[in-house]
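Chemist: Just dropping this structure here.
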Amino acid sequence: MLSEKDFIFKNNSNELENGIFQWSSPSNIALVKYWGKKENQVPANPSISFTLNNCKTVTKLTFVKKETNNNFAFDLLFEGKSKEDFKPKILKFFERIFEYCPYLKDYHFTIDTHNTFPHSSGIASSASGMAALAMNVMSLEKILNPSMSDDYFYQKASFLARLGSGSACRSVKGSVVVWGKNDSISESSDLFGVEFSATIHENFNNYQDTILLVDKGEKQVSSTVGHDLMHNHPYAERRFEQAHDNLSKIKTVLENGNLDEFIQIVESEALTLHSMMMTSMPYFILMKPNTLKIINKIWKFRTETKIPVCFTLDAGANVHVLYPENVVNEVLQFIKNELVVYCQNGHYICDEIGSGSQLIMQ
Ligand code: DP6
């Protein structure tokens with residue numbers, strides 16, 4: 001079992017003056033939700049997600065060795081332009097990982113990043129963004145220490161991404177990723193995401209996720225604040241137990257392909273997440289009237305057609321519509337006919353299960 005200490009960089013076997021890498025990392029959608037955390041980004045309960053394919057952050061990291069060991073600094077470009085307001089979150093990420101990657105202090109970095117989804121879509125880019133940065137950092141580390149194994153490379157990348165944003169550790173490698181210790185998945189860890197190792201039933205091949213953009217505005221309450229409100233939350237302990245149960249149930253469902261049970265677990269998880277928000281102190285609501293209209297339409301469509309389509313929600317108003325590939329035509333027609341009216345400016349994004357981060361340039 002790896003511990004935090006195993007991720008501390010020991011010593012260089014190589015020198016590196018400068019370089020450039022580029023990675024893309026996808027967003028992911030949780031089926032069993034992470035909501036609540038302990039110190040050092042350790043999750044209060046385990047979670048599992050589908051990795052997405054089209055919604056990605058692409059990040060290029062350029063670095064040169066500094067002459068003197070002065071203060072750590074970096075330049076940040078978003079869509080080619082300097083973006084000061086993204087810097088504090090990235091600086092915090094670097095500060096959290098220095099302990100594990102001390103060599104970072106020897107370099108000056110330029111981070112050049114963009115998303116493949118519209119910036120103001122209300123889709124969180126912290127998971128894909130932090131994962132893409134962590135992948136680049138590990139490419140640098142791999143040059144300093146070429147003997148590291150592939151397993152270690154991806155585990156440490158996920159470990160670092162987690163320190164940037166919890167859900168980012170599920171955007172490193174694999175189509176279905178588990179994060180957080182759970183008895184039914186022996187290799188699971190609180191420190192990094194692991195690829196779901198059992199054989200996934202063919203019902204889930206190319207599973208579709210159409211993201212309905214209900215509200216593209218800035219969220220009133222950030223996830224970080226929401227997680228914090230799970231401390232002293234009246235239902236927290238029971239919720240954390242439920243997430244453990246749902247994880248072991250969904251493990252079986254992913255293996256046996258039972259879509260009715262899949263739908264039940266996934267929709268219940270989404271509504272439970274939002275129930276936790278509504279029962280926090282202070283309480284808050286991130287769903288919008290159109291979120292509920294969409295949910296009701298999906299239920300009606302499913303009852304009438306028996307097509308196994310369901311919804312899930314992130315910490316926001318947008319709705320992820322999940323369904324198998326073999327009903328894509330029927331569901332897209334339904335979305336166009338009945339759900340697009342509830343999307344801001346009629347916008348939605350078609351995505352599906354992907355396989356994780358990809359190296360673009362080294
Ligand atoms: C509702 O990973 O964004 O999407 O660790 O504070 O950065 P931080 O939070 P974040 O929380 C995401 C919560 C969620 C559920 C999930 O993805 O599991």
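Residue numbering restarts at 1 in every chain; chains get A, B, ... in the order shown in the structure tokens, and ligands count up from 1 in that same order.
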Asn246 of chain A: which residues within 9 Å, counting only C-alpha atoms, same-chain residues fewer than 5 positions away excluded, as a PyMOL selection string?

Modeler: chain A and resi 32+241+251+265-266+269

Chemist: Could the residues that lie within 8 Å of ligand 1, counting only C-alpha atoms and all ligand atoms, be listed as a VMD selection string?

Modeler: chain A and resid 28 to 35 37 41 47 to 49 124 126 to 127 162 to 168 222 to 225 227 273 313 to 316

Chemist: Mind giving me the straight-line distance from atom CA of Met277 of chain A to atom CA of Lys219 of chain A in Å, one decimal?

Modeler: 13.0 Å

Chemist: Apply DSSP to the structure's backbone, then extract all residues of segment 47-127 of chain A labelled strand (DSSP E or B) and return them as an MDAnalysis selection string.

Modeler: chainID A and resid 47:65 74:78 81:82 107:115

Chemist: Which residue is closest to Pro102 of chain A? Choose from A:Ser147, A:Thr312, A:Asn12, A:Ser248 and count only C-alpha atoms.

Modeler: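 Of A:Ser147, A:Thr312, A:Asn12, A:Ser248, the one nearest Pro102 of chain A, counting only C-alpha atoms, is A:Asn12.
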
Chemist: Neighbours of segment 105-117 of chain A within 9 Å (only C-alpha atoms; same-chain residues fewer than 3 positions away dropped), as a JSON list (two decimals) with N, CA, C and O atoms, in the first residue's frame?

Modeler:
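Contents of selection.json, freshly written:
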```
[["chain", "number", "residue", "atom", "x", "y", "z"],
["A", 17, "GLU", "N", 17.91, 21.29, -18.50],
["A", 17, "GLU", "CA", 18.02, 22.76, -18.51],
["A", 17, "GLU", "C", 16.69, 23.42, -18.88],
["A", 17, "GLU", "O", 16.30, 24.41, -18.29],
["A", 18, "ASN", "N", 16.03, 22.85, -19.88],
["A", 18, "ASN", "CA", 14.76, 23.44, -20.32],
["A", 18, "ASN", "C", 13.98, 22.38, -21.09],
["A", 18, "ASN", "O", 14.51, 21.31, -21.41],
["A", 54, "ASN", "N", -14.61, 14.30, -24.97],
["A", 54, "ASN", "CA", -14.50, 15.54, -25.76],
["A", 54, "ASN", "C", -14.22, 16.78, -24.92],
["A", 54, "ASN", "O", -13.59, 17.71, -25.42],
["A", 55, "CYS", "N", -14.73, 16.83, -23.71],
["A", 55, "CYS", "CA", -14.50, 18.00, -22.85],
["A", 55, "CYS", "C", -13.13, 17.87, -22.20],
["A", 55, "CYS", "O", -12.93, 17.06, -21.29],
["A", 56, "LYS", "N", -12.17, 18.65, -22.71],
["A", 56, "LYS", "CA", -10.79, 18.48, -22.27],
["A", 56, "LYS", "C", -10.12, 19.82, -22.00],
["A", 56, "LYS", "O", -10.53, 20.84, -22.57],
["A", 57, "THR", "N", -9.06, 19.77, -21.21],
["A", 57, "THR", "CA", -8.15, 20.91, -21.10],
["A", 57, "THR", "C", -6.84, 20.49, -21.76],
["A", 57, "THR", "O", -6.36, 19.37, -21.54],
["A", 58, "VAL", "N", -6.31, 21.38, -22.58],
["A", 58, "VAL", "CA", -5.03, 21.12, -23.25],
["A", 58, "VAL", "C", -4.02, 22.11, -22.66],
["A", 58, "VAL", "O", -4.25, 23.32, -22.71],
["A", 59, "THR", "N", -2.94, 21.58, -22.10],
["A", 59, "THR", "CA", -1.99, 22.45, -21.40],
["A", 59, "THR", "C", -0.56, 22.18, -21.86],
["A", 59, "THR", "O", -0.10, 21.04, -21.87],
["A", 60, "LYS", "N", 0.09, 23.28, -22.24],
["A", 60, "LYS", "CA", 1.49, 23.21, -22.65],
["A", 60, "LYS", "C", 2.33, 23.82, -21.52],
["A", 60, "LYS", "O", 2.02, 24.90, -21.03],
["A", 61, "LEU", "N", 3.36, 23.09, -21.13],
["A", 61, "LEU", "CA", 4.23, 23.57, -20.05],
["A", 61, "LEU", "C", 5.63, 23.78, -20.61],
["A", 61, "LEU", "O", 6.26, 22.83, -21.09],
["A", 62, "THR", "N", 6.09, 25.02, -20.58],
["A", 62, "THR", "CA", 7.44, 25.34, -21.04],
["A", 62, "THR", "C", 8.25, 25.71, -19.81],
["A", 62, "THR", "O", 7.75, 26.42, -18.95],
["A", 63, "PHE", "N", 9.49, 25.23, -19.73],
["A", 63, "PHE", "CA", 10.27, 25.54, -18.53],
["A", 63, "PHE", "C", 11.75, 25.74, -18.83],
["A", 63, "PHE", "O", 12.30, 25.12, -19.74],
["A", 64, "VAL", "N", 12.36, 26.65, -18.07],
["A", 64, "VAL", "CA", 13.81, 26.87, -18.16],
["A", 64, "VAL", "C", 14.37, 26.94, -16.76],
["A", 64, "VAL", "O", 13.74, 27.47, -15.84],
["A", 65, "LYS", "N", 15.56, 26.41, -16.62],
["A", 65, "LYS", "CA", 16.21, 26.41, -15.31],
["A", 65, "LYS", "C", 16.58, 27.84, -14.95],
["A", 65, "LYS", "O", 17.05, 28.60, -15.81],
["A", 66, "LYS", "N", 16.37, 28.21, -13.68],
["A", 66, "LYS", "CA", 16.68, 29.57, -13.25],
["A", 66, "LYS", "C", 18.15, 29.67, -12.86],
["A", 66, "LYS", "O", 18.75, 28.70, -12.41],
["A", 67, "GLU", "N", 18.71, 30.89, -13.02],
["A", 67, "GLU", "CA", 20.11, 31.14, -12.64],
["A", 67, "GLU", "C", 20.24, 31.08, -11.12],
["A", 67, "GLU", "O", 21.11, 30.41, -10.58],
["A", 68, "THR", "N", 19.36, 31.81, -10.48],
["A", 68, "THR", "CA", 19.41, 31.85, -9.02],
["A", 68, "THR", "C", 18.13, 31.24, -8.47],
["A", 68, "THR", "O", 17.11, 31.20, -9.16],
["A", 69, "ASN", "N", 18.20, 30.82, -7.23],
["A", 69, "ASN", "CA", 17.02, 30.19, -6.67],
["A", 69, "ASN", "C", 16.10, 31.23, -6.03],
["A", 69, "ASN", "O", 15.78, 31.18, -4.85],
["A", 70, "ASN", "N", 15.70, 32.22, -6.84],
["A", 70, "ASN", "CA", 14.81, 33.26, -6.30],
["A", 70, "ASN", "C", 13.38, 32.73, -6.19],
["A", 70, "ASN", "O", 13.15, 31.55, -6.38],
["A", 71, "ASN", "N", 12.45, 33.64, -5.91],
["A", 71, "ASN", "CA", 11.07, 33.20, -5.65],
["A", 71, "ASN", "C", 10.48, 32.42, -6.81],
["A", 71, "ASN", "O", 10.76, 32.70, -7.98],
["A", 72, "PHE", "N", 9.64, 31.46, -6.48],
["A", 72, "PHE", "CA", 8.96, 30.67, -7.50],
["A", 72, "PHE", "C", 7.99, 31.57, -8.27],
["A", 72, "PHE", "O", 7.25, 32.35, -7.68],
["A", 73, "ALA", "N", 8.04, 31.49, -9.59],
["A", 73, "ALA", "CA", 7.12, 32.32, -10.40],
["A", 73, "ALA", "C", 6.79, 31.58, -11.68],
["A", 73, "ALA", "O", 7.55, 30.72, -12.14],
["A", 74, "PHE", "N", 5.63, 31.91, -12.23],
["A", 74, "PHE", "CA", 5.25, 31.31, -13.52],
["A", 74, "PHE", "C", 4.37, 32.29, -14.28],
["A", 74, "PHE", "O", 3.79, 33.21, -13.69],
["A", 75, "ASP", "N", 4.34, 32.11, -15.59],
["A", 75, "ASP", "CA", 3.43, 32.90, -16.42],
["A", 75, "ASP", "C", 2.27, 32.00, -16.81],
["A", 75, "ASP", "O", 2.46, 30.80, -17.04],
["A", 76, "LEU", "N", 1.10, 32.61, -16.91],
["A", 76, "LEU", "CA", -0.07, 31.82, -17.26],
["A", 76, "LEU", "C", -0.79, 32.43, -18.45],
["A", 76, "LEU", "O", -1.16, 33.60, -18.42],
["A", 77, "LEU", "N", -0.95, 31.61, -19.48],
["A", 77, "LEU", "CA", -1.72, 32.06, -20.65],
["A", 77, "LEU", "C", -2.96, 31.18, -20.76],
["A", 77, "LEU", "O", -2.87, 29.95, -20.71],
["A", 78, "PHE", "N", -4.11, 31.83, -20.88],
["A", 78, "PHE", "CA", -5.35, 31.08, -21.13],
["A", 78, "PHE", "C", -5.87, 31.52, -22.49],
["A", 78, "PHE", "O", -6.05, 32.73, -22.73],
["A", 79, "GLU", "N", -6.05, 30.59, -23.39],
["A", 79, "GLU", "CA", -6.42, 30.89, -24.79],
["A", 79, "GLU", "C", -5.48, 31.93, -25.38],
["A", 79, "GLU", "O", -5.91, 32.87, -26.04],
["A", 80, "GLY", "N", -4.20, 31.78, -25.06],
["A", 80, "GLY", "CA", -3.17, 32.63, -25.66],
["A", 80, "GLY", "C", -2.97, 33.98, -24.99],
["A", 80, "GLY", "O", -2.05, 34.71, -25.34],
["A", 81, "LYS", "N", -3.82, 34.30, -24.00],
["A", 81, "LYS", "CA", -3.67, 35.61, -23.35],
["A", 81, "LYS", "C", -3.38, 35.43, -21.87],
["A", 81, "LYS", "O", -3.87, 34.50, -21.24],
["A", 82, "SER", "N", -2.61, 36.38, -21.34],
["A", 82, "SER", "CA", -2.26, 36.34, -19.94],
["A", 82, "SER", "C", -3.54, 36.38, -19.09],
["A", 82, "SER", "O", -4.47, 37.13, -19.39],
["A", 98, "PHE", "N", 5.06, 21.08, -3.84],
["A", 98, "PHE", "CA", 6.51, 21.28, -3.69],
["A", 98, "PHE", "C", 7.15, 20.18, -2.85],
["A", 98, "PHE", "O", 8.24, 19.70, -3.14],
["A", 101, "CYS", "N", 7.59, 17.38, -5.13],
["A", 101, "CYS", "CA", 8.30, 17.70, -6.38],
["A", 101, "CYS", "C", 9.21, 18.92, -6.13],
["A", 101, "CYS", "O", 8.98, 19.98, -6.73],
["A", 102, "PRO", "N", 10.21, 18.80, -5.27],
["A", 102, "PRO", "CA", 11.03, 19.97, -4.90],
["A", 102, "PRO", "C", 11.76, 20.58, -6.10],
["A", 102, "PRO", "O", 12.06, 21.78, -6.08],
["A", 120, "SER", "N", -17.25, 29.81, -20.76],
["A", 120, "SER", "CA", -18.36, 30.16, -19.86],
["A", 120, "SER", "C", -19.52, 29.18, -20.02],
["A", 120, "SER", "O", -20.66, 29.57, -20.18],
["A", 121, "SER", "N", -19.21, 27.87, -19.98],
["A", 121, "SER", "CA", -20.28, 26.88, -20.15],
["A", 121, "SER", "C", -20.81, 26.43, -18.81],
["A", 121, "SER", "O", -21.77, 25.67, -18.76],
["A", 123, "ILE", "N", -19.25, 24.44, -17.11],
["A", 123, "ILE", "CA", -18.62, 23.14, -16.88],
["A", 123, "ILE", "C", -17.35, 23.42, -16.10],
["A", 123, "ILE", "O", -16.53, 24.24, -16.52],
["A", 125, "SER", "N", -13.75, 23.37, -15.00],
["A", 125, "SER", "CA", -12.53, 22.93, -15.69],
["A", 125, "SER", "C", -11.44, 22.59, -14.69],
["A", 125, "SER", "O", -10.32, 22.31, -15.08],
["A", 128, "SER", "N", -10.17, 18.74, -15.24],
["A", 128, "SER", "CA", -9.32, 18.55, -16.42],
["A", 128, "SER", "C", -8.09, 19.45, -16.34],
["A", 128, "SER", "O", -6.98, 19.04, -16.71],
["A", 129, "GLY", "N", -8.24, 20.65, -15.81],
["A", 129, "GLY", "CA", -7.12, 21.59, -15.75],
["A", 129, "GLY", "C", -6.02, 21.13, -14.82],
["A", 129, "GLY", "O", -4.84, 21.14, -15.18],
["A", 133, "LEU", "N", -2.13, 19.70, -15.82],
["A", 133, "LEU", "CA", -0.92, 20.27, -15.22],
["A", 133, "LEU", "C", -0.08, 19.18, -14.54],
["A", 133, "LEU", "O", 1.15, 19.11, -14.70],
["A", 349, "ILE", "N", -23.71, 19.90, -25.08],
["A", 349, "ILE", "CA", -22.45, 19.33, -25.58],
["A", 349, "ILE", "C", -22.59, 17.81, -25.60],
["A", 349, "ILE", "O", -22.99, 17.21, -24.60]]
```

Chemist: Counting only C-alpha atoms, which residues of segment 186-294 of chain A fall within 10 Å of segment 2-11 of chain A, and what is the closest atom pair for each with its distance in Å at one decimal, ordered by chain and rising number, as a tab-separated table?

Modeler:
```
residue	atom	partner	partner_atom	distance
A:Ser189	CA	A:Leu2	CA	8.6
A:Asp190	CA	A:Ser3	CA	9.7
A:Leu191	CA	A:Glu4	CA	7.5
A:Phe192	CA	A:Leu2	CA	9.9
```

Chemist: Kindly export the residues of the current selection with all heavy atoms, as a PDB file, in the first residue's frame.

Modeler:
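New file again35.pdb:
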```pdb
ATOM      1  N   SER A 189      -7.718   3.633  -3.288  1.00  0.00           N
ATOM      2  CA  SER A 189      -6.889   4.419  -2.367  1.00  0.00           C
ATOM      3  C   SER A 189      -7.490   5.802  -2.181  1.00  0.00           C
ATOM      4  O   SER A 189      -8.105   6.349  -3.099  1.00  0.00           O
ATOM      5  CB  SER A 189      -5.478   4.548  -2.965  1.00  0.00           C
ATOM      6  OG  SER A 189      -4.740   5.537  -2.278  1.00  0.00           O
ATOM      7  N   ASP A 190      -7.260   6.372  -0.999  1.00  0.00           N
ATOM      8  CA  ASP A 190      -7.670   7.760  -0.760  1.00  0.00           C
ATOM      9  C   ASP A 190      -6.716   8.745  -1.435  1.00  0.00           C
ATOM     10  O   ASP A 190      -7.030   9.917  -1.580  1.00  0.00           O
ATOM     11  CB  ASP A 190      -7.657   8.073   0.748  1.00  0.00           C
ATOM     12  CG  ASP A 190      -8.863   7.493   1.466  1.00  0.00           C
ATOM     13  OD1 ASP A 190      -9.843   7.112   0.788  1.00  0.00           O
ATOM     14  OD2 ASP A 190      -8.824   7.435   2.711  1.00  0.00           O
ATOM     15  N   LEU A 191      -5.538   8.255  -1.823  1.00  0.00           N
ATOM     16  CA  LEU A 191      -4.478   9.172  -2.276  1.00  0.00           C
ATOM     17  C   LEU A 191      -4.483   9.422  -3.776  1.00  0.00           C
ATOM     18  O   LEU A 191      -3.941  10.414  -4.244  1.00  0.00           O
ATOM     19  CB  LEU A 191      -3.100   8.621  -1.883  1.00  0.00           C
ATOM     20  CG  LEU A 191      -2.875   8.406  -0.388  1.00  0.00           C
ATOM     21  CD1 LEU A 191      -1.456   7.930  -0.137  1.00  0.00           C
ATOM     22  CD2 LEU A 191      -3.159   9.687   0.393  1.00  0.00           C
ATOM     23  N   PHE A 192      -5.063   8.500  -4.535  1.00  0.00           N
ATOM     24  CA  PHE A 192      -5.077   8.668  -6.006  1.00  0.00           C
ATOM     25  C   PHE A 192      -6.211   7.830  -6.595  1.00  0.00           C
ATOM     26  O   PHE A 192      -6.732   6.924  -5.934  1.00  0.00           O
ATOM     27  CB  PHE A 192      -3.733   8.251  -6.632  1.00  0.00           C
ATOM     28  CG  PHE A 192      -3.211   6.928  -6.160  1.00  0.00           C
ATOM     29  CD1 PHE A 192      -3.621   5.753  -6.747  1.00  0.00           C
ATOM     30  CD2 PHE A 192      -2.306   6.872  -5.104  1.00  0.00           C
ATOM     31  CE1 PHE A 192      -3.142   4.533  -6.296  1.00  0.00           C
ATOM     32  CE2 PHE A 192      -1.823   5.646  -4.645  1.00  0.00           C
ATOM     33  CZ  PHE A 192      -2.245   4.475  -5.235  1.00  0.00           C
TER      34      PHE A 192
END
```

Chemist: Pick the closest to Val327 of chain A from A:Ser268, A:Glu218, A:Leu52, A:Asn206: which is it, counting only C-alpha atoms?

Modeler: A:Asn206

Chemist: Go through A:Gly36, A:Leu359, A:Gln208, A:Met148 and flag the residue nearest Tyr235 of chain A, using only C-alpha atoms for the distances.

Modeler: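 Comparing A:Gly36, A:Leu359, A:Gln208, A:Met148 against Tyr235 of chain A, the winner is A:Gly36.
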
Chemist: Run DSSP on the backbone and give me the residues of segment 36-254 of chain A it puts in alpha helix (DSSP H), as JSON, numbers by chain.

Modeler: {"A": [87, 88, 89, 90, 91, 92, 93, 94, 95, 96, 97, 126, 127, 128, 129, 130, 131, 132, 133, 134, 135, 136, 137, 138, 139, 140, 141, 142, 143, 144, 150, 151, 152, 153, 154, 155, 156, 157, 158, 159, 160, 161, 162, 163, 164, 223, 224, 225, 226, 227, 228, 236, 237, 238, 239, 240, 241, 242, 243, 244, 245, 246, 247, 248, 249, 250, 251, 252, 253, 254]}

Chemist: Please list as a PyMOL selection string every residue within 8 Å of segment 152-159 of chain A, counting only C-alpha atoms and excluding residues in the same chain fewer than 6 positions away.

Modeler: chain A and resi 7+131+134-135+137-138+142+168-173+191-194

Chemist: For a test of reading the model, state the distance in Å between atom CA of Lys306 of chain A and atom CA of Val253 of chain A, rounded to one decimal.

Modeler: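 Taking atom CA of Lys306 of chain A and atom CA of Val253 of chain A, their separation equals 18.5 Å.
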
Chemist: Can you tell me, as a list of chain:residue names, what residues are no more than 7 Å from Asn45 of chain A when counting only C-alpha atoms, ignoring any on the same chain fewer than 5 positions away?

Modeler: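 Those residues are A:Tyr34, A:Gly180, A:Phe240, A:Ala243, A:His244.
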
Chemist: With only C-alpha atoms as the basis for distance, which of A:Gln362, A:Gln22, A:Ser280, A:Ser175 is at the shortest distance from His231 of chain A?

Modeler: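 Once distances to His231 of chain A are computed over only C-alpha atoms, the minimum belongs to A:Ser280.
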
Chemist: Looking at only C-alpha atoms, which of A:Asn182, A:Gln264, A:Gln358, A:Asn326 is the one that sits closest to Phe204 of chain A?

Modeler: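 Counting only C-alpha atoms, the residue closest to Phe204 of chain A is A:Asn326.
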
Chemist: As an exercise, work out the distance from atom CA of Asn40 of chain A to atom CA of Arg96 of chain A in Å and give it to one decimal place.

Modeler: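 For atom CA of Asn40 of chain A relative to atom CA of Arg96 of chain A, the distance reads 8.8 Å.
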
Chemist: Using only C-alpha atoms, determine which residues lie at most 9 Å from Met276 of chain A, disregarding the query and same-chain residues fewer than 2 positions distant; provide the list as an mmCIF file with N, CA, C and O atoms, in the first residue's frame.

Modeler:
```cif
data_model
loop_
_atom_site.group_PDB
_atom_site.id
_atom_site.type_symbol
_atom_site.label_atom_id
_atom_site.label_comp_id
_atom_site.auth_asym_id
_atom_site.auth_seq_id
_atom_site.Cartn_x
_atom_site.Cartn_y
_atom_site.Cartn_z
ATOM 1 N N TRP A 35 -18.233 14.235 -1.981
ATOM 2 C CA TRP A 35 -18.764 15.473 -1.386
ATOM 3 C C TRP A 35 -18.425 15.450 0.093
ATOM 4 O O TRP A 35 -19.041 14.744 0.866
ATOM 5 N N GLY A 226 -18.610 24.040 -0.466
ATOM 6 C CA GLY A 226 -19.616 22.990 -0.277
ATOM 7 C C GLY A 226 -19.049 21.787 0.473
ATOM 8 O O GLY A 226 -19.672 21.278 1.412
ATOM 9 N N LEU A 229 -18.795 22.365 4.128
ATOM 10 C CA LEU A 229 -20.059 22.361 4.872
ATOM 11 C C LEU A 229 -20.491 20.945 5.268
ATOM 12 O O LEU A 229 -21.466 20.775 5.997
ATOM 13 N N MET A 230 -19.757 19.931 4.803
ATOM 14 C CA MET A 230 -20.054 18.566 5.256
ATOM 15 C C MET A 230 -19.479 18.321 6.655
ATOM 16 O O MET A 230 -19.834 17.325 7.297
ATOM 17 N N HIS A 233 -22.217 18.476 9.415
ATOM 18 C CA HIS A 233 -23.486 18.355 8.690
ATOM 19 C C HIS A 233 -24.317 17.258 9.377
ATOM 20 O O HIS A 233 -23.787 16.194 9.692
ATOM 21 N N TYR A 235 -26.369 15.068 8.399
ATOM 22 C CA TYR A 235 -26.525 13.766 7.748
ATOM 23 C C TYR A 235 -25.210 13.203 7.201
ATOM 24 O O TYR A 235 -25.220 12.212 6.461
ATOM 25 N N ALA A 236 -24.100 13.841 7.539
ATOM 26 C CA ALA A 236 -22.827 13.486 6.903
ATOM 27 C C ALA A 236 -22.467 12.005 7.072
ATOM 28 O O ALA A 236 -22.200 11.321 6.081
ATOM 29 N N ARG A 239 -24.518 9.680 5.071
ATOM 30 C CA ARG A 239 -24.232 9.877 3.638
ATOM 31 C C ARG A 239 -22.925 9.170 3.246
ATOM 32 O O ARG A 239 -22.851 8.536 2.199
ATOM 33 N N LEU A 271 -29.287 13.305 -6.716
ATOM 34 C CA LEU A 271 -30.237 14.020 -5.857
ATOM 35 C C LEU A 271 -29.729 14.083 -4.419
ATOM 36 O O LEU A 271 -29.967 15.068 -3.710
ATOM 37 N N THR A 272 -28.998 13.050 -3.998
ATOM 38 C CA THR A 272 -28.430 13.084 -2.642
ATOM 39 C C THR A 272 -27.393 14.198 -2.524
ATOM 40 O O THR A 272 -27.361 14.931 -1.532
ATOM 41 N N LEU A 273 -26.542 14.329 -3.552
ATOM 42 C CA LEU A 273 -25.544 15.408 -3.545
ATOM 43 C C LEU A 273 -26.233 16.755 -3.320
ATOM 44 O O LEU A 273 -25.831 17.545 -2.457
ATOM 45 N N HIS A 274 -27.301 16.984 -4.082
ATOM 46 C CA HIS A 274 -27.979 18.278 -3.956
ATOM 47 C C HIS A 274 -28.770 18.376 -2.640
ATOM 48 O O HIS A 274 -28.910 19.467 -2.087
ATOM 49 N N MET A 278 -28.702 21.318 0.257
ATOM 50 C CA MET A 278 -29.927 21.955 0.774
ATOM 51 C C MET A 278 -30.046 21.808 2.281
ATOM 52 O O MET A 278 -30.786 22.555 2.911
ATOM 53 N N THR A 279 -29.313 20.814 2.850
ATOM 54 C CA THR A 279 -29.419 20.596 4.301
ATOM 55 C C THR A 279 -28.144 21.017 5.038
ATOM 56 O O THR A 279 -27.963 20.674 6.202
ATOM 57 N N SER A 280 -27.244 21.730 4.342
ATOM 58 C CA SER A 280 -26.055 22.291 5.013
ATOM 59 C C SER A 280 -26.475 23.532 5.787
ATOM 60 O O SER A 280 -27.565 24.064 5.578
ATOM 61 N N TYR A 283 -27.445 26.729 4.053
ATOM 62 C CA TYR A 283 -28.005 25.885 2.992
ATOM 63 C C TYR A 283 -27.963 26.647 1.665
ATOM 64 O O TYR A 283 -27.907 27.869 1.644
#
```

Chemist: Rank A:Ile211, A:Ile263, A:Met130, A:Ala317 by their smallest atom-to-atom distance to Asn290 of chain A, using only C-alpha atoms, and report the top residue only.

Modeler: A:Ala317
